[in-house]
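Engineer: Quick one: the structure is below, questions incoming.
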Amino acid sequence: HAGMFRSDRSLCERLFSEGLLRCLVCTATLAWGVNLPAHTVIIKGTQIYNPEKGAHVELSPLDVMQIFGRAGRPQFDTSGEGVIITTHDKLAHYLRLLNAQLAVESQFVKRLADHLNAEVALGTVSSVAEAATWLSYTYLYVRACRSPLTYGISPDQRERDPDLLLWRYGLVRTVARQLDRARMVRFNPATGALDPTEVGRIASHFYLGLGTVDLFDDSGAAAA
């Protein structure tokens with residue numbers, strides 16, 4: 001757990017890797033960081049606390065597969081076992097996941113503003129058209145084409161816009177307006193030009209998100 005001294009944690013990991021400790025128990029947070037092969041991996045409970053939402057949420061499919069990936073690694077073992085202990089109402093969800101029937105969806109839209117600002121700051125994207133082309137190289141675009149309803153694209157919209165060009169333009173314009181209001185990017189709606197600003201460059205360099213820049217901006221306005 002996070003309260004252990006680094007030397008004690010390293011000792012536990014070394015003893016487990018050498019087979020002197022047969023069982024290693026760790027908290028959910030450290031489960032991602034412990035990169036040790038094992039024959040059996042047990043996930044006891046599938047809910048973790050999410051501070052952003054202020055509530056407990058289910059482990060994502062990627063987290064489950066990453067943790068289970070420590071069991072039975074080919075170079076260390078001939079077989080492996082993964083055990084997941086969850087509530088009855090989530091049983092079907094994880095069965096579909098383990099049977100590879102649950103698709104991994106893109107979460108890129110949630111951070112699109114930050115990534116677009118970084119591209120504009122770097123000079124690789126300078127217009128809405130270039131940003132729409134840039135989006136076509138992302139996993140978001142791949143999943144939107146495969147499962148349009150998941151991303152709010154109706155069948156009629158998909159039929160009228162088979163390459164999702166208008167959808168991509170709409171996404172970029174919405175995000176560009178948000179960045180323009182935060183003074184991170186200068187957006188010209190008439191020409192579609194996207195120009196970097198000093199605020200946007202600083203945010204990109206120090207990995208500051210749009211929400212953080214907005215917070216600083218509100219704080220500065222209140223102080224003034």
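Scheme for the structure tokens: letters A, B, ... for chains in order shown; per-chain residue numbers from 1; ligand numbers from 1 in order shown.
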Please provide as a ChimeraX atom specification all residues within 10 Å of Asp180 (chain A), with the sequence filter that same-chain residues fewer than 4 positions apart are discarded (counting only C-alpha atoms).
Structural biologist: /A:175-176,184-188,194-197,200
Engineer: Check the DSSP output for the backbone and give back, as a VMD selection string, the residues of region 123-204 of chain A in alpha helix (DSSP H).
Structural biologist: chain A and resid 128 to 135 139 to 146 155 to 160 165 to 181 198 to 204
Engineer: Report the distance between CA of Leu62 (chain A) and CA of Val104 (chain A) in Å, rounded to one decimal place.
Structural biologist: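 Going from CA of Leu62 (chain A) over to CA of Val104 (chain A), I get 7.7 Å.
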